[in-house]
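Each remark here refers to the structure printed beneath this line.
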Amino acid sequence: MSGRLSLSWVHQDRALLCDGSGGYSWVDRDDPRLAEVRLLAETGRVGDVTGGPRDNLLIQGDCRDAWRALVRIPEWASAYRGAAKLVYLDPPFNTGQTFAQYDDGLDHSIWLAMIRERLLLARELLAPDGSLWVHLDDAESAYCKVLLDEIFGRSSFVATVVWEKDRGRRNDTDLSSAHDYLHVYAPSGPGWRTVRNLLPRTALVDGRYRNPDGDPRGPWLQGDNGTAKSGTERNRFAVELPSGRVVRPPAGSYWRFSPATLHAARADGRVWFGRGGDSLPVIKRYRHEVQPGLVPRTWWPAEEVGTNQDAKRDHLRRLFPGTEPFATPKPEPLLRRIIEIATDAGDLVVDGFAGSGTTAAVAHKLGRRWVAVEQSAATVTGFTLPRLRMVVDGADPGGITRDSRAEPVAPLPDGLTPADVAAARRTVAALAGARLLDGVGDEALGTLHRRLLSAARSRERVVREWPGGGGFRTLAVTPARYEVTGGRVLLDALPAEFVAAQLGFRLAPRGPFAGVRGRNRLAVVDGVVDERLASAAVTALRPDETVTIVGRAVLPGTAAHLRALRPGSRVLKAPDDLLRHRRVLR
């Protein structure tokens, strides 16, 4: 045995066939309907688009079919296969509930098979330096983590982010759930840290840098200094302070620095011994020397990125008044954090379960390319499309449309914000209310309150606002063409675009030919292929080209005749020979 951990479930040796409305049925893995590469048909345009494959795309249909088209059809694959910097998956959590927009209660085995197929396609979409973020709750998170390890490898696991989705508390359960999970995987493994982005520094973090000694190099923070609880006796050497006192670390502690490091820092004026020169040494680390941002943590509190309720109450209900919103919409600040960590401007963001369109809306406002796929036509019509149209038109005032910053009306000490002062005022009021400040005179206490109130005053300054612009195309996954009846595979028509997609040819009409793959031309005949037709096709070829001819029927001897005329050429009969060239996800 290899010792490799894997997940097993009922019908794991079979595959799922989607009915197009959220339902699934088990079929054999060699079912021809699984092999069909469905086409994407344009249904509309919003705003400024080019009509090319790199436009932003809103696709209505199952994401398995849509993603297979993006990675199999050459016209799409050149822009999407291995190109996504971020793939975000927010599938149904399989909680067993039924919501207005979708049913969240699949059989466990069906859910596992469904998500596995989409993870395999996500792997094909991801760029080498991209990342996959899978959003789940307790219902399927642990099982999906094992699947992710199987498909991407444990070395690709980055972390699991925990998001506080709810500030409240439910009293009708055993333990009130307040969080979701985001499993993060990157094909580059540990190397992803070199391409992921840092979070912006906050006033609270910068406020820890002070300059009590007026150092001309600016505010500083304790760095490799002070004492630690572990070390060796070599790090318990004596240090003479400016006051003349000689000190060592307290018992059980050790200096964090070596004698050489301390000596160099003193020579550079980077050591702080307290105002009287009689405190343990602190080696300064200046604010301008640290990295420009913060390493993302795995705990994302509601106060930083919002909650489901924020998205529902403060955004969707305002966009769609009088319409029942999604039960658990994701707030735009949450998707903003994911997108800003994982991508840069112009990068491609792909969402396989678009829902109300939060991922696409945020990606658009942040200047990223995006592809959003939503299975439900009603959801696209009622939420996703109108919301994204409002984003393009500059008519969506909520979410991350506007970034503003509270600035103090009066100057504050370095690192302090009006919010800090307001918090201090509340603290003083609470202490006074608890009669812990009875020794302070009423006049002095009143003066303190007034000064804190004045210092807490702020004005809002808009630092960024989305004005609208850009655009996107709407596409739909076309209906399936293969039909299985009585064990036979039927094909209602034989359009060249369909045949080219099944065989991996790029559409390139020229004379009798419909497509090209390398130096091989494609000819499609919705009828019988005979020697005369084969001869005509060869006559139209260039000297270095071969041809693949696809027809409904092939007369005896035609294939040999074609090979004799142009070695390397072939004749295929539809649909049987098309199915022999299929590629099914395993």
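Residues in the structure tokens are named by chain (A, B, ... in the order shown) and by number from 1 within that chain; ligands are numbered from 1 in the order shown.
The shell of residues at most 10 Å from Ile110 (chain A), with only C-alpha atoms counted and near chain neighbours (fewer than 4 positions) removed, consists of A:Trp9, A:Val10, A:His11, A:Gln12, A:Ala15, A:Leu16, A:Gly23, A:Tyr24, A:Ser25, A:Trp26, A:Leu106, A:Met114, A:Ile115, A:Arg116.
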Would you output that residue set with N, CA, C and O atoms, as a PDB file, in the first residue's frame?
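Saved as result21.pdb:
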```
ATOM      1  N   TRP A   9     -16.576   7.234  -1.531  1.00  0.00           N
ATOM      2  CA  TRP A   9     -17.995   7.444  -1.331  1.00  0.00           C
ATOM      3  C   TRP A   9     -18.777   6.528  -2.270  1.00  0.00           C
ATOM      4  O   TRP A   9     -18.221   5.959  -3.225  1.00  0.00           O
ATOM      5  N   VAL A  10     -20.060   6.396  -2.007  1.00  0.00           N
ATOM      6  CA  VAL A  10     -20.924   5.551  -2.818  1.00  0.00           C
ATOM      7  C   VAL A  10     -20.956   6.084  -4.252  1.00  0.00           C
ATOM      8  O   VAL A  10     -21.057   7.287  -4.480  1.00  0.00           O
ATOM      9  N   HIS A  11     -20.848   5.180  -5.240  1.00  0.00           N
ATOM     10  CA  HIS A  11     -20.863   5.522  -6.665  1.00  0.00           C
ATOM     11  C   HIS A  11     -19.632   6.315  -7.089  1.00  0.00           C
ATOM     12  O   HIS A  11     -19.672   7.029  -8.101  1.00  0.00           O
ATOM     13  N   GLN A  12     -18.538   6.178  -6.352  1.00  0.00           N
ATOM     14  CA  GLN A  12     -17.333   6.924  -6.727  1.00  0.00           C
ATOM     15  C   GLN A  12     -16.813   6.512  -8.104  1.00  0.00           C
ATOM     16  O   GLN A  12     -16.137   7.296  -8.775  1.00  0.00           O
ATOM     17  N   ALA A  15     -20.152   8.684 -12.633  1.00  0.00           N
ATOM     18  CA  ALA A  15     -20.048  10.125 -12.867  1.00  0.00           C
ATOM     19  C   ALA A  15     -21.431  10.747 -12.783  1.00  0.00           C
ATOM     20  O   ALA A  15     -22.457  10.054 -12.792  1.00  0.00           O
ATOM     21  N   LEU A  16     -21.452  12.079 -12.705  1.00  0.00           N
ATOM     22  CA  LEU A  16     -22.707  12.813 -12.580  1.00  0.00           C
ATOM     23  C   LEU A  16     -23.078  13.483 -13.893  1.00  0.00           C
ATOM     24  O   LEU A  16     -22.226  14.024 -14.598  1.00  0.00           O
ATOM     25  N   GLY A  23     -30.197  19.644 -10.622  1.00  0.00           N
ATOM     26  CA  GLY A  23     -30.333  18.231 -10.303  1.00  0.00           C
ATOM     27  C   GLY A  23     -29.266  17.399 -11.000  1.00  0.00           C
ATOM     28  O   GLY A  23     -28.712  17.803 -12.028  1.00  0.00           O
ATOM     29  N   TYR A  24     -28.980  16.231 -10.435  1.00  0.00           N
ATOM     30  CA  TYR A  24     -27.931  15.372 -10.984  1.00  0.00           C
ATOM     31  C   TYR A  24     -28.421  13.927 -10.995  1.00  0.00           C
ATOM     32  O   TYR A  24     -29.257  13.521 -10.186  1.00  0.00           O
ATOM     33  N   SER A  25     -27.868  13.137 -11.924  1.00  0.00           N
ATOM     34  CA  SER A  25     -28.141  11.705 -11.959  1.00  0.00           C
ATOM     35  C   SER A  25     -26.828  10.966 -12.196  1.00  0.00           C
ATOM     36  O   SER A  25     -25.919  11.479 -12.862  1.00  0.00           O
ATOM     37  N   TRP A  26     -26.743   9.751 -11.634  1.00  0.00           N
ATOM     38  CA  TRP A  26     -25.542   8.934 -11.805  1.00  0.00           C
ATOM     39  C   TRP A  26     -25.573   8.252 -13.168  1.00  0.00           C
ATOM     40  O   TRP A  26     -26.604   7.709 -13.588  1.00  0.00           O
ATOM     41  N   LEU A 106     -28.115  18.331  -1.307  1.00  0.00           N
ATOM     42  CA  LEU A 106     -27.762  17.211  -2.167  1.00  0.00           C
ATOM     43  C   LEU A 106     -27.379  16.002  -1.328  1.00  0.00           C
ATOM     44  O   LEU A 106     -26.915  16.137  -0.194  1.00  0.00           O
ATOM     45  N   MET A 114     -19.836  16.040  -7.446  1.00  0.00           N
ATOM     46  CA  MET A 114     -20.030  17.321  -8.115  1.00  0.00           C
ATOM     47  C   MET A 114     -18.840  18.249  -7.896  1.00  0.00           C
ATOM     48  O   MET A 114     -18.287  18.825  -8.837  1.00  0.00           O
ATOM     49  N   ILE A 115     -18.409  18.374  -6.656  1.00  0.00           N
ATOM     50  CA  ILE A 115     -17.327  19.318  -6.374  1.00  0.00           C
ATOM     51  C   ILE A 115     -16.000  18.797  -6.913  1.00  0.00           C
ATOM     52  O   ILE A 115     -15.133  19.574  -7.352  1.00  0.00           O
ATOM     53  N   ARG A 116     -15.807  17.483  -6.920  1.00  0.00           N
ATOM     54  CA  ARG A 116     -14.556  16.926  -7.439  1.00  0.00           C
ATOM     55  C   ARG A 116     -14.375  17.278  -8.915  1.00  0.00           C
ATOM     56  O   ARG A 116     -13.284  17.684  -9.342  1.00  0.00           O
TER      57      ARG A 116
END
```
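All residues of region 380-449 of chain A that DSSP, run on the backbone, classes as strand (DSSP E or B) are Arg402, Asp403, Ser404, Arg405, Ala406, Glu407 and Pro408 of chain A.
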Dump as an mmCIF file, in the first residue's frame, selection limited to all heavy atoms:
```
data_model
loop_
_atom_site.group_PDB
_atom_site.id
_atom_site.type_symbol
_atom_site.label_atom_id
_atom_site.label_comp_id
_atom_site.auth_asym_id
_atom_site.auth_seq_id
_atom_site.Cartn_x
_atom_site.Cartn_y
_atom_site.Cartn_z
ATOM 1 N N ARG A 402 -17.128 53.043 -2.747
ATOM 2 C CA ARG A 402 -16.445 54.233 -2.233
ATOM 3 C C ARG A 402 -15.558 53.862 -1.058
ATOM 4 O O ARG A 402 -15.993 53.181 -0.131
ATOM 5 C CB ARG A 402 -17.462 55.278 -1.791
ATOM 6 C CG ARG A 402 -16.863 56.450 -1.019
ATOM 7 C CD ARG A 402 -17.898 57.452 -0.581
ATOM 8 N NE ARG A 402 -18.452 58.172 -1.718
ATOM 9 C CZ ARG A 402 -19.247 59.243 -1.578
ATOM 10 N NH1 ARG A 402 -19.576 59.669 -0.377
ATOM 11 N NH2 ARG A 402 -19.721 59.855 -2.645
ATOM 12 N N ASP A 403 -14.304 54.318 -1.112
ATOM 13 C CA ASP A 403 -13.384 54.198 0.012
ATOM 14 C C ASP A 403 -13.207 55.576 0.622
ATOM 15 O O ASP A 403 -12.848 56.534 -0.078
ATOM 16 C CB ASP A 403 -12.008 53.683 -0.439
ATOM 17 C CG ASP A 403 -12.036 52.223 -0.823
ATOM 18 O OD1 ASP A 403 -12.982 51.536 -0.393
ATOM 19 O OD2 ASP A 403 -11.134 51.779 -1.536
ATOM 20 N N SER A 404 -13.481 55.682 1.897
ATOM 21 C CA SER A 404 -13.307 56.968 2.565
ATOM 22 C C SER A 404 -12.486 56.773 3.830
ATOM 23 O O SER A 404 -12.356 55.653 4.347
ATOM 24 C CB SER A 404 -14.660 57.594 2.909
ATOM 25 O OG SER A 404 -15.401 56.719 3.752
ATOM 26 N N ARG A 405 -11.924 57.825 4.283
ATOM 27 C CA ARG A 405 -11.075 57.777 5.470
ATOM 28 C C ARG A 405 -11.482 58.910 6.409
ATOM 29 O O ARG A 405 -11.661 60.052 5.977
ATOM 30 C CB ARG A 405 -9.612 57.919 5.062
ATOM 31 C CG ARG A 405 -8.614 57.822 6.202
ATOM 32 C CD ARG A 405 -7.200 57.879 5.656
ATOM 33 N NE ARG A 405 -6.966 56.778 4.733
ATOM 34 C CZ ARG A 405 -6.039 56.783 3.778
ATOM 35 N NH1 ARG A 405 -5.284 57.859 3.615
ATOM 36 N NH2 ARG A 405 -5.885 55.742 2.996
ATOM 37 N N ALA A 406 -11.635 58.584 7.683
ATOM 38 C CA ALA A 406 -11.956 59.605 8.685
ATOM 39 C C ALA A 406 -10.670 60.311 9.086
ATOM 40 O O ALA A 406 -9.734 59.684 9.592
ATOM 41 C CB ALA A 406 -12.615 58.968 9.895
ATOM 42 N N GLU A 407 -10.623 61.629 8.872
ATOM 43 C CA GLU A 407 -9.439 62.404 9.220
ATOM 44 C C GLU A 407 -9.783 63.371 10.344
ATOM 45 O O GLU A 407 -10.879 63.958 10.371
ATOM 46 C CB GLU A 407 -8.935 63.173 8.003
ATOM 47 C CG GLU A 407 -8.446 62.267 6.886
ATOM 48 C CD GLU A 407 -7.835 63.058 5.749
ATOM 49 O OE1 GLU A 407 -8.190 64.257 5.607
ATOM 50 O OE2 GLU A 407 -7.018 62.490 5.009
ATOM 51 N N PRO A 408 -8.877 63.552 11.300
ATOM 52 C CA PRO A 408 -9.175 64.452 12.429
ATOM 53 C C PRO A 408 -9.307 65.901 11.982
ATOM 54 O O PRO A 408 -8.585 66.358 11.089
ATOM 55 C CB PRO A 408 -7.964 64.253 13.345
ATOM 56 C CG PRO A 408 -6.867 63.779 12.444
ATOM 57 C CD PRO A 408 -7.531 62.964 11.386
#
```
- [ ] Mind checking which residues fall within 12 Å of Pro467 (chain A), counting only C-alpha atoms, ignoring those fewer than 5 positions away in the same chain, and posting them as a list in words?
- [x] His364, Lys365, Leu366, Gly367, Met390, Val391, Val392, Asp393, Gly394, Ala395, Asp396, Pro397, Ile400, Thr401 and Arg402 of chain A
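Relative to CA of Ala537 (chain A), CA of Ala493 (chain A) is found at 21.4 Å.
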Open item on the list: Set the distance at 12 Å and use only C-alpha atoms: which residues neighbour Gly346 (chain A) once local chain neighbours fewer than 6 positions away are removed? I'd like the list as a VMD selection string.
Closed with: chain A and resid 54 to 56 83 to 86 339 to 340 363 to 370
Open item on the list: Counting only C-alpha atoms, which residue out of A:Leu316, A:Leu241, A:Ala228, A:Ala142 sits closest to Arg256 (chain A)?
Closed with: A:Ala228
Per-residue nearest contacts region 304-352 of chain A to region 57-68 of chain A, cut-off 12 Å, using only C-alpha atoms, as a tab-separated table:
```
residue	atom	partner	partner_atom	distance
A:Leu348	CA	A:Leu57	CA	11.0
A:Val349	CA	A:Leu57	CA	10.6
A:Val350	CA	A:Leu57	CA	9.5
A:Asp351	CA	A:Cys63	CA	8.9
A:Gly352	CA	A:Cys63	CA	5.5
```
Can you spit out the residues from that selection as a compact mmCIF listing (two decimals), in the first residue's frame, using N, CA and C atoms?
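File produced: again.txt:
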```txt
# COMPACT_ATOMS: atom_id res chain seq x y z
N LEU A 348 -6.91 37.77 -14.08
CA LEU A 348 -8.18 37.09 -14.32
C LEU A 348 -8.70 36.43 -13.05
N VAL A 349 -9.98 36.73 -12.73
CA VAL A 349 -10.68 36.15 -11.59
C VAL A 349 -11.83 35.30 -12.14
N VAL A 350 -11.94 34.05 -11.68
CA VAL A 350 -12.98 33.14 -12.16
C VAL A 350 -13.82 32.68 -10.98
N ASP A 351 -15.15 32.76 -11.12
CA ASP A 351 -16.09 32.33 -10.09
C ASP A 351 -17.04 31.32 -10.71
N GLY A 352 -17.11 30.12 -10.11
CA GLY A 352 -17.93 29.06 -10.68
C GLY A 352 -19.36 29.01 -10.18
```
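In this comparison, which uses only C-alpha atoms, the residue of A:Leu533, A:Val409, A:Ala41, A:Leu453 approaching Arg425 (chain A) most closely is A:Leu453.
Ranking A:Arg318, A:Arg552, A:Ala540, A:Pro411 by their shortest atom-to-atom distance to Val525 (chain A), with only C-alpha atoms included, puts A:Arg552 first.
Residue nearest Ile73 (chain A), chosen from A:Glu497, A:Asp48, A:Glu233, A:Asp19 and counting only C-alpha atoms: A:Glu497.
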- [ ] Write out as a ChimeraX atom specification all residues of region 435-566 of chain A that backbone DSSP assigns to helix (DSSP H, G or I).
- [x] /A:442-455,496-503,531-539,558-565
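Nearest to Ser230 (chain A) of all the residues A:Ser243, A:Trp255, A:Ala265, A:Gly276 is A:Trp255, based on only C-alpha atoms.
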Open item on the list: Need the shell around region 557-570 of chain A: protein/DNA/RNA residues with any atom at most 10 Å away, counting only C-alpha atoms. Skip same-chain ones fewer than 5 positions apart. Format as JSON, numbers by chain?
Closed with: {"A": [520, 521, 522, 529, 530, 531, 532, 533, 534, 535, 537, 538, 539, 541, 543, 544, 545, 546, 547, 548, 549, 550]}
Save out the residues we just selected, N, CA and C atoms, as an mmCIF file, in the first residue's frame.
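What ended up in out11.cif:
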```cif
data_model
loop_
_atom_site.group_PDB
_atom_site.id
_atom_site.type_symbol
_atom_site.label_atom_id
_atom_site.label_comp_id
_atom_site.auth_asym_id
_atom_site.auth_seq_id
_atom_site.Cartn_x
_atom_site.Cartn_y
_atom_site.Cartn_z
ATOM 1 N N ASN A 520 -3.345 20.577 -39.890
ATOM 2 C CA ASN A 520 -4.458 19.687 -40.215
ATOM 3 C C ASN A 520 -5.731 20.509 -40.376
ATOM 4 N N ARG A 521 -6.370 20.418 -41.536
ATOM 5 C CA ARG A 521 -7.599 21.146 -41.805
ATOM 6 C C ARG A 521 -8.807 20.273 -41.479
ATOM 7 N N LEU A 522 -9.928 20.905 -41.136
ATOM 8 C CA LEU A 522 -11.166 20.201 -40.804
ATOM 9 C C LEU A 522 -12.225 20.525 -41.837
ATOM 10 N N VAL A 529 -19.754 10.971 -46.936
ATOM 11 C CA VAL A 529 -18.422 11.272 -47.444
ATOM 12 C C VAL A 529 -18.039 10.151 -48.417
ATOM 13 N N ASP A 530 -17.698 10.538 -49.664
ATOM 14 C CA ASP A 530 -17.289 9.547 -50.660
ATOM 15 C C ASP A 530 -15.946 9.942 -51.246
ATOM 16 N N GLU A 531 -15.466 9.151 -52.207
ATOM 17 C CA GLU A 531 -14.140 9.399 -52.778
ATOM 18 C C GLU A 531 -14.099 10.727 -53.531
ATOM 19 N N ARG A 532 -15.174 11.072 -54.190
ATOM 20 C CA ARG A 532 -15.192 12.344 -54.925
ATOM 21 C C ARG A 532 -15.015 13.523 -53.978
ATOM 22 N N LEU A 533 -15.738 13.484 -52.877
ATOM 23 C CA LEU A 533 -15.635 14.580 -51.907
ATOM 24 C C LEU A 533 -14.237 14.615 -51.288
ATOM 25 N N ALA A 534 -13.666 13.440 -50.993
ATOM 26 C CA ALA A 534 -12.313 13.386 -50.426
ATOM 27 C C ALA A 534 -11.298 13.965 -51.397
ATOM 28 N N SER A 535 -11.451 13.651 -52.678
ATOM 29 C CA SER A 535 -10.524 14.172 -53.687
ATOM 30 C C SER A 535 -10.619 15.691 -53.779
ATOM 31 N N ALA A 537 -11.464 17.735 -51.400
ATOM 32 C CA ALA A 537 -10.858 18.323 -50.204
ATOM 33 C C ALA A 537 -9.339 18.357 -50.331
ATOM 34 N N VAL A 538 -8.753 17.288 -50.841
ATOM 35 C CA VAL A 538 -7.289 17.238 -51.003
ATOM 36 C C VAL A 538 -6.824 18.284 -52.006
ATOM 37 N N THR A 539 -7.595 18.478 -53.054
ATOM 38 C CA THR A 539 -7.241 19.475 -54.067
ATOM 39 C C THR A 539 -7.143 20.871 -53.454
ATOM 40 N N LEU A 541 -6.163 21.557 -50.404
ATOM 41 C CA LEU A 541 -5.118 21.638 -49.388
ATOM 42 C C LEU A 541 -3.858 22.275 -49.947
ATOM 43 N N PRO A 543 0.384 22.205 -49.915
ATOM 44 C CA PRO A 543 1.270 21.034 -49.979
ATOM 45 C C PRO A 543 1.640 20.434 -48.628
ATOM 46 N N ASP A 544 1.727 21.265 -47.595
ATOM 47 C CA ASP A 544 2.168 20.753 -46.286
ATOM 48 C C ASP A 544 0.999 20.457 -45.357
ATOM 49 N N GLU A 545 -0.234 20.420 -45.866
ATOM 50 C CA GLU A 545 -1.411 20.230 -45.013
ATOM 51 C C GLU A 545 -2.016 18.843 -45.178
ATOM 52 N N THR A 546 -2.706 18.406 -44.112
ATOM 53 C CA THR A 546 -3.535 17.203 -44.152
ATOM 54 C C THR A 546 -4.975 17.616 -43.837
ATOM 55 N N VAL A 547 -5.897 16.665 -43.901
ATOM 56 C CA VAL A 547 -7.290 16.997 -43.674
ATOM 57 C C VAL A 547 -7.967 15.925 -42.834
ATOM 58 N N THR A 548 -8.869 16.346 -41.972
ATOM 59 C CA THR A 548 -9.802 15.470 -41.259
ATOM 60 C C THR A 548 -11.197 15.789 -41.774
ATOM 61 N N ILE A 549 -11.854 14.785 -42.347
ATOM 62 C CA ILE A 549 -13.205 14.972 -42.881
ATOM 63 C C ILE A 549 -14.186 14.245 -41.970
ATOM 64 N N VAL A 550 -15.213 14.946 -41.507
ATOM 65 C CA VAL A 550 -16.225 14.375 -40.622
ATOM 66 C C VAL A 550 -17.570 14.402 -41.350
#
```
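Counting only C-alpha atoms, the residue from A:Ala77, A:Ala345, A:Val373, A:Val305 that sits nearest to Ala476 (chain A) is A:Val373.
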For Gly527 (chain A), work out the shell of residues within 10 Å, counting only C-alpha atoms and skipping chain neighbours fewer than 4 positions away, then give it as a JSON list (two decimals) with N, CA and C atoms, in the first residue's frame.
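Listed below is the output, selection_32.json:
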```
[["chain", "number", "residue", "atom", "x", "y", "z"],
["A", 494, "LEU", "N", -25.10, 18.48, -37.39],
["A", 494, "LEU", "CA", -23.65, 18.39, -37.41],
["A", 494, "LEU", "C", -23.03, 19.74, -37.78],
["A", 550, "VAL", "N", -15.21, 14.95, -41.51],
["A", 550, "VAL", "CA", -16.23, 14.38, -40.62],
["A", 550, "VAL", "C", -17.57, 14.40, -41.35],
["A", 551, "GLY", "N", -18.23, 13.24, -41.39],
["A", 551, "GLY", "CA", -19.53, 13.16, -42.04],
["A", 551, "GLY", "C", -20.48, 12.24, -41.29],
["A", 552, "ARG", "N", -21.72, 12.23, -41.74],
["A", 552, "ARG", "CA", -22.71, 11.35, -41.12],
["A", 552, "ARG", "C", -22.45, 9.89, -41.47],
["A", 553, "ALA", "N", -21.98, 9.66, -42.69],
["A", 553, "ALA", "CA", -21.70, 8.30, -43.15],
["A", 553, "ALA", "C", -20.48, 8.36, -44.06],
["A", 554, "VAL", "N", -19.79, 7.22, -44.18],
["A", 554, "VAL", "CA", -18.58, 7.14, -44.99],
["A", 554, "VAL", "C", -18.70, 5.91, -45.88],
["A", 573, "LYS", "N", -16.62, 9.26, -38.84],
["A", 573, "LYS", "CA", -18.07, 9.18, -38.91],
["A", 573, "LYS", "C", -18.67, 9.68, -37.60],
["A", 574, "ALA", "N", -19.60, 10.64, -37.72],
["A", 574, "ALA", "CA", -20.25, 11.20, -36.54],
["A", 574, "ALA", "C", -21.55, 10.43, -36.26]]
```
